[in-house]
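A.B. asks: The structure file query07.cif (mmCIF, C-alpha atoms) is provided below.
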```cif
data_data
#
loop_
_atom_site.group_PDB
_atom_site.id
_atom_site.type_symbol
_atom_site.label_atom_id
_atom_site.label_comp_id
_atom_site.auth_asym_id
_atom_site.auth_seq_id
_atom_site.Cartn_x
_atom_site.Cartn_y
_atom_site.Cartn_z
ATOM 1 C CA MET L 1 -43.958 -5.584 134.439
ATOM 2 C CA MET L 2 -40.201 -5.599 133.879
ATOM 3 C CA PHE L 3 -39.912 -9.364 134.209
ATOM 4 C CA ASN L 4 -42.087 -9.868 131.129
ATOM 5 C CA PHE L 5 -38.957 -9.165 129.101
ATOM 6 C CA PHE L 6 -37.520 -12.478 130.294
ATOM 7 C CA LYS L 7 -40.380 -14.643 129.018
ATOM 8 C CA ARG L 8 -39.326 -17.439 126.714
ATOM 9 C CA ASN L 9 -40.299 -16.739 123.134
ATOM 10 C CA ASN L 10 -41.078 -19.816 121.051
ATOM 11 C CA ASN L 11 -40.300 -18.069 117.771
ATOM 12 C CA LYS L 12 -37.040 -18.810 116.015
ATOM 13 C CA ALA L 13 -34.158 -16.573 117.142
ATOM 14 C CA THR L 14 -32.310 -14.354 114.699
ATOM 15 C CA SER L 15 -29.040 -15.755 113.364
ATOM 16 C CA ARG L 16 -26.829 -13.345 115.296
ATOM 17 C CA LYS L 17 -28.456 -14.441 118.539
ATOM 18 C CA LYS L 18 -29.140 -18.087 117.783
ATOM 19 C CA ASP L 19 -26.945 -19.242 120.666
ATOM 20 C CA LEU L 20 -28.688 -17.025 123.217
ATOM 21 C CA ASP L 21 -31.455 -18.431 125.322
ATOM 22 C CA ARG L 22 -33.492 -17.496 128.349
ATOM 23 C CA GLU L 23 -30.679 -18.432 130.723
ATOM 24 C CA ALA L 24 -28.179 -16.231 128.866
ATOM 25 C CA ILE L 25 -30.576 -13.282 129.007
ATOM 26 C CA GLN L 26 -31.170 -13.858 132.725
ATOM 27 C CA LYS L 27 -27.409 -14.035 133.313
ATOM 28 C CA ARG L 28 -26.916 -10.728 131.497
ATOM 29 C CA GLY L 29 -29.739 -9.222 133.563
ATOM 30 C CA LEU L 30 -28.052 -10.384 136.769
ATOM 31 C CA GLU L 31 -24.735 -8.874 135.639
ATOM 32 C CA LEU L 32 -26.461 -5.530 135.123
ATOM 33 C CA ALA L 33 -28.264 -5.893 138.464
ATOM 34 C CA GLU L 34 -24.833 -6.154 140.131
ATOM 35 C CA VAL L 35 -23.906 -2.797 138.597
ATOM 36 C CA THR L 36 -27.108 -1.373 140.065
ATOM 37 C CA LYS L 37 -26.274 -2.787 143.519
ATOM 38 C CA LYS L 38 -22.787 -1.263 143.413
ATOM 39 C CA ARG L 39 -24.176 2.114 142.380
ATOM 40 C CA ASP L 40 -26.795 1.944 145.116
ATOM 41 C CA ALA L 41 -24.111 1.132 147.710
ATOM 42 C CA ALA L 42 -22.087 4.109 146.425
ATOM 43 C CA GLY L 43 -25.064 6.423 147.011
ATOM 44 C CA PHE L 44 -26.509 6.487 143.500
ATOM 45 C CA PRO L 45 -29.904 4.791 143.861
ATOM 46 C CA GLN L 46 -31.858 3.795 140.748
ATOM 47 C CA GLN L 47 -35.312 3.384 142.221
ATOM 48 C CA ALA L 48 -38.493 3.759 140.221
ATOM 49 C CA LYS L 49 -40.955 6.228 141.679
ATOM 50 C CA SER L 50 -43.932 4.923 139.710
ATOM 51 C CA GLN L 51 -44.985 2.168 137.333
ATOM 52 C CA GLU L 52 -44.500 4.675 134.513
ATOM 53 C CA ASP L 53 -40.761 4.778 135.287
ATOM 54 C CA LEU L 54 -40.642 1.105 134.237
ATOM 55 C CA THR L 55 -42.173 1.771 130.820
ATOM 56 C CA ALA L 56 -39.916 0.961 127.878
ATOM 57 C CA VAL L 57 -39.311 4.211 125.983
ATOM 58 C CA MET L 58 -36.304 3.254 123.873
ATOM 59 C CA TYR L 59 -34.842 0.105 122.332
ATOM 60 C CA VAL L 60 -31.185 -0.395 121.509
ATOM 61 C CA PHE L 61 -29.967 -3.353 119.439
ATOM 62 C CA THR L 62 -26.259 -4.147 119.855
ATOM 63 C CA ASP L 63 -24.168 -6.874 118.252
ATOM 64 C CA GLN L 64 -24.878 -9.406 120.976
ATOM 65 C CA TRP L 65 -27.681 -8.038 123.144
ATOM 66 C CA ASP L 66 -30.916 -6.189 122.642
ATOM 67 C CA TYR L 67 -32.125 -3.815 125.336
ATOM 68 C CA ALA L 68 -35.263 -2.030 126.372
ATOM 69 C CA ILE L 69 -34.482 1.259 128.084
ATOM 70 C CA MET L 70 -36.965 2.195 130.755
ATOM 71 C CA LYS L 71 -38.088 5.757 131.409
ATOM 72 C CA ILE L 72 -35.961 5.681 134.573
ATOM 73 C CA GLY L 73 -32.948 5.152 132.277
ATOM 74 C CA ILE L 74 -32.164 1.548 133.172
ATOM 75 C CA ASP L 75 -31.297 -0.861 130.359
ATOM 76 C CA VAL L 76 -32.922 -4.296 130.482
ATOM 77 C CA PRO L 77 -31.668 -7.093 128.191
ATOM 78 C CA LEU L 78 -34.195 -8.945 126.068
ATOM 79 C CA LEU L 79 -34.184 -11.601 123.382
ATOM 80 C CA ASP L 80 -35.596 -10.475 120.049
ATOM 81 C CA ASP L 81 -36.742 -13.114 117.590
ATOM 82 C CA GLY L 82 -36.720 -10.572 114.779
ATOM 83 C CA SER L 83 -40.307 -9.418 115.260
ATOM 84 C CA LEU L 84 -39.630 -6.550 117.660
ATOM 85 C CA ARG L 85 -38.420 -3.859 115.237
ATOM 86 C CA PRO L 86 -41.441 -4.007 112.898
ATOM 87 C CA SER L 87 -43.797 -3.915 115.900
ATOM 88 C CA LEU L 88 -42.007 -0.858 117.325
ATOM 89 C CA ARG L 89 -42.813 1.135 114.222
ATOM 90 C CA LYS L 90 -46.523 0.454 114.758
ATOM 91 C CA LYS L 91 -46.318 1.533 118.409
ATOM 92 C CA GLY L 92 -44.956 5.034 117.792
ATOM 93 C CA PHE L 93 -41.220 4.336 118.091
ATOM 94 C CA LEU L 94 -39.065 6.425 115.777
ATOM 95 C CA PRO L 95 -35.966 4.790 114.280
ATOM 96 C CA LEU L 96 -32.838 6.907 114.687
ATOM 97 C CA ASN L 97 -30.958 4.259 112.725
ATOM 98 C CA ASP L 98 -31.229 0.498 112.302
ATOM 99 C CA SER L 99 -30.354 -0.144 115.956
ATOM 100 C CA ILE L 100 -31.914 2.651 118.062
ATOM 101 C CA TYR L 101 -35.628 3.368 118.424
ATOM 102 C CA ILE L 102 -37.228 5.982 120.683
ATOM 103 C CA HIS L 103 -40.891 6.472 121.540
ATOM 104 C CA ILE L 104 -42.346 9.639 120.095
ATOM 105 C CA ASN L 105 -43.483 10.842 123.560
ATOM 106 C CA GLN L 106 -39.806 11.061 124.591
ATOM 107 C CA VAL L 107 -38.929 13.347 121.683
ATOM 108 C CA ARG L 108 -38.723 17.084 122.258
ATOM 109 C CA SER L 109 -38.048 18.100 118.653
ATOM 110 C CA VAL L 110 -37.201 16.627 115.261
ATOM 111 C CA ASP L 111 -35.235 18.354 112.505
ATOM 112 C CA LEU L 112 -35.382 16.137 109.437
ATOM 113 C CA GLU L 113 -33.331 18.612 107.399
ATOM 114 C CA ALA L 114 -30.439 18.615 109.906
ATOM 115 C CA LEU L 115 -30.978 14.871 110.574
ATOM 116 C CA GLN L 116 -31.278 15.403 114.321
ATOM 117 C CA ILE L 117 -33.683 14.512 117.069
ATOM 118 C CA GLU L 118 -33.769 16.026 120.549
ATOM 119 C CA ILE L 119 -34.962 13.784 123.351
ATOM 120 C CA VAL L 120 -36.623 15.073 126.522
ATOM 121 C CA PRO L 121 -33.992 16.191 129.046
ATOM 122 C CA GLU L 122 -35.379 13.981 131.850
ATOM 123 C CA LEU L 123 -34.842 10.778 129.844
ATOM 124 C CA ASP L 124 -31.378 11.926 128.831
ATOM 125 C CA ARG L 125 -30.417 12.652 132.458
ATOM 126 C CA ASN L 126 -31.850 9.303 133.562
ATOM 127 C CA MET L 127 -29.894 7.439 130.897
ATOM 128 C CA LEU L 128 -26.649 9.251 131.684
ATOM 129 C CA ARG L 129 -27.075 8.345 135.351
ATOM 130 C CA ASN L 130 -28.551 4.841 135.107
ATOM 131 C CA LEU L 131 -27.421 3.022 131.945
ATOM 132 C CA ARG L 132 -25.275 0.025 132.862
ATOM 133 C CA GLY L 133 -24.296 -1.836 129.695
ATOM 134 C CA ASP L 134 -21.124 -0.589 128.011
ATOM 135 C CA ASP L 135 -22.462 -1.721 124.643
ATOM 136 C CA VAL L 136 -25.651 0.350 125.089
ATOM 137 C CA ILE L 137 -23.724 3.402 126.228
ATOM 138 C CA GLU L 138 -21.317 3.093 123.297
ATOM 139 C CA LYS L 139 -24.138 2.699 120.777
ATOM 140 C CA LEU L 140 -25.937 5.794 122.088
ATOM 141 C CA GLN L 141 -22.777 7.894 122.385
ATOM 142 C CA HIS L 142 -21.949 7.077 118.778
ATOM 143 C CA CYS L 143 -24.965 9.024 117.512
ATOM 144 C CA ARG L 144 -25.120 11.654 120.310
ATOM 145 C CA GLU L 145 -24.101 15.219 119.460
ATOM 146 C CA GLU L 146 -21.234 15.776 121.914
ATOM 147 C CA ASP L 147 -22.665 16.106 125.454
ATOM 148 C CA SER L 148 -26.145 17.215 124.390
ATOM 149 C CA ASN L 149 -29.524 15.476 124.348
ATOM 150 C CA ILE L 150 -29.496 15.666 120.546
ATOM 151 C CA PHE L 151 -28.975 12.523 118.492
ATOM 152 C CA ASP L 152 -28.221 12.059 114.802
ATOM 153 C CA ILE L 153 -30.775 10.414 112.545
ATOM 154 C CA ASP L 154 -29.762 8.115 109.708
ATOM 155 C CA ARG L 155 -30.892 9.613 106.394
ATOM 156 C CA ALA L 156 -32.490 6.260 105.495
ATOM 157 C CA CYS L 157 -34.959 6.723 108.394
ATOM 158 C CA VAL L 158 -36.256 10.182 107.435
ATOM 159 C CA ASP L 159 -39.274 9.045 105.393
ATOM 160 C CA GLU L 160 -40.298 6.563 108.056
ATOM 161 C CA ILE L 161 -40.010 9.179 110.827
ATOM 162 C CA ARG L 162 -42.013 11.633 108.763
ATOM 163 C CA ALA L 163 -44.768 9.040 108.218
ATOM 164 C CA ILE L 164 -44.964 8.228 111.953
ATOM 165 C CA ILE L 165 -45.046 11.911 112.955
ATOM 166 C CA GLU L 166 -47.757 12.732 110.414
ATOM 167 C CA ARG L 167 -50.086 9.929 111.587
#
```
Starting from the file, lay out its structure as structure tokens.

C.D. replies:
Amino acid sequence: MMFNFFKRNNNKATSRKKDLDREAIQKRGLELAEVTKKRDAAGFPQQAKSQEDLTAVMYVFTDQWDYAIMKIGIDVPLLDDGSLRPSLRKKGFLPLNDSIYIHINQVRSVDLEALQIEIVPELDRNMLRNLRGDDVIEKLQHCREEDSNIFDIDRACVDEIRAIIER
């Protein structure tokens, strides 16, 4: 369930996150939960309708925090010890660049020539409505094509995307 993201990992933390610990991740989670409460009070509920809504379908790695983005569009902070990115590749997550990964079942189309990927409209709407972390929003907006559900792909990721799609 969602709280599994807060489990303590005994592996060594990456250098950029060496000062983060379970308590820091929980604090960040509580900060984001406050945003959710305020949105709910303002009439913008973020309730999951099924267990599937709480499935991680995207991962975003920012300078300080790493996030799993649930199908409902909510960002959940997590602590990565450096092993997450390689495991994502094996689980069908496509790298858009070195800091954004999306599960192949959330992709509507891929154009490797134009270096663009279109995500399913439902996930895009959910993210636009429910993302809470400014750093996540900024990271995603940076590679989004204007106000569309199309995102740019880093040229360095093309061969890897092709290999995952052809499996």

A.B. asks: When you draw a straight line from atom CA of Glu146 of chain L to atom CA of Gly29 of chain L, how long is it in Å?

C.D. replies: 28.9 Å

A.B. asks: What does the structure give for the distance between atom CA of Lys27 of chain L and atom CA of Asp80 of chain L, in Å to one decimal?

C.D. replies: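 According to the coordinates, atom CA of Lys27 of chain L and atom CA of Asp80 of chain L are separated by 16.0 Å.
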
A.B. asks: Taking all atoms listed in the file into account, name the residue in L:Val120, L:Ile102, L:Ile161, L:Ile74 that is nearest to Val57 of chain L.

C.D. replies: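 Of all the options, L:Ile102 lies closest to Val57 of chain L.
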
A.B. asks: For atom CA of Glu145 of chain L and atom CA of Val76 of chain L, determine how far apart the two atoms are, in Å to one decimal place.

C.D. replies: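 Atom CA of Glu145 of chain L sits 24.1 Å away from atom CA of Val76 of chain L.
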
A.B. asks: Quick one: of L:Leu96, L:Ile69, L:Leu84, L:Glu34, who's nearest to Met127 of chain L, counting only C-alpha atoms?

C.D. replies: L:Ile69

A.B. asks: Hey, which of L:Pro86, L:Ile104, L:Ile72, L:Ile119 ends up closest to Glu166 of chain L? Count only C-alpha atoms.

C.D. replies: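 Closest to Glu166 of chain L, using only C-alpha atoms: L:Ile104.
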
A.B. asks: On this structure, the PyMOL selection byres ((chain L and resi 91) around 12) would catch which residues? List them as a list of chain:residue names, sorted by chain and number.

C.D. replies: L:Ala56, L:Val57, L:Met58, L:Leu84, L:Arg85, L:Pro86, L:Ser87, L:Leu88, L:Arg89, L:Lys90, L:Gly92, L:Phe93, L:Leu94, L:Pro95, L:Tyr101, L:Ile102, L:His103, L:Ile104, L:Asn105, L:Ile164, L:Ile165, L:Arg167

A.B. asks: Between L:Leu128, L:Glu118, L:Asp134, L:Gln141, which residue has the minimum interatomic distance to Gly73 of chain L, considering all atoms listed in the file?

C.D. replies: L:Leu128

A.B. asks: I'd like to know which of L:Asn130, L:Asp124, L:Gln51, L:Glu160 is closest to Asp147 of chain L, using all atoms listed in the file.

C.D. replies: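 Distance minimum relative to Asp147 of chain L lands on L:Asp124.
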
A.B. asks: Translate the PyMOL selection byres ((chain L and resi 156) around 12) into a concrete residue list for this structure, as a PyMOL selection string.

C.D. replies: chain L and resi 95-98+112+115+152-155+157-162

A.B. asks: So, counting all atoms listed in the file, which residue among L:Asp21, L:Asp66, L:Asp111, L:Asp135 is closest to Phe151 of chain L?

C.D. replies: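 Smallest distance to Phe151 of chain L is found for L:Asp111.
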
A.B. asks: Might you pull out every residue within 6 Å of Ile117 of chain L, with only C-alpha atoms counted and same-chain residues fewer than 3 positions away left off, and present them as a PDB file with C-alpha atoms, in the frame of the given file?

C.D. replies:
```pdb
ATOM      1  CA  SER L 109     -38.048  18.100 118.653  1.00  0.00           C
ATOM      2  CA  VAL L 110     -37.201  16.627 115.261  1.00  0.00           C
ATOM      3  CA  ILE L 150     -29.496  15.666 120.546  1.00  0.00           C
ATOM      4  CA  PHE L 151     -28.975  12.523 118.492  1.00  0.00           C
TER       5      PHE L 151
END
```

A.B. asks: Do you know which residues are at most 7 Å from Ile100 of chain L counting only C-alpha atoms, after dropping those on the same chain fewer than 6 positions away, and could you put them as a list in words?

C.D. replies: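 Returned residues: Tyr59, Val60 and Phe61 of chain L.
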
A.B. asks: To test the calculation: enclose all listed atoms of segment 57-72 of chain L in a box whose edges run along x, y and z, add 4 Å on each side, then state centre and edge lengths in Å to one decimal, as lines of an AutoDock Vina configuration file.

C.D. replies:
```
center_x = -31.7
center_y = -1.8
center_z = 126.4
size_x = 23.1
size_y = 23.2
size_z = 24.3
```

A.B. asks: Report as a list in words all protein, DNA and RNA residues lying within 8 Å of Trp65 of chain L, evaluated on all atoms listed in the file, omitting residues in the same chain fewer than 3 positions from it.

C.D. replies: Lys17, Phe61, Thr62, Pro77, Leu78 and Leu79 of chain L
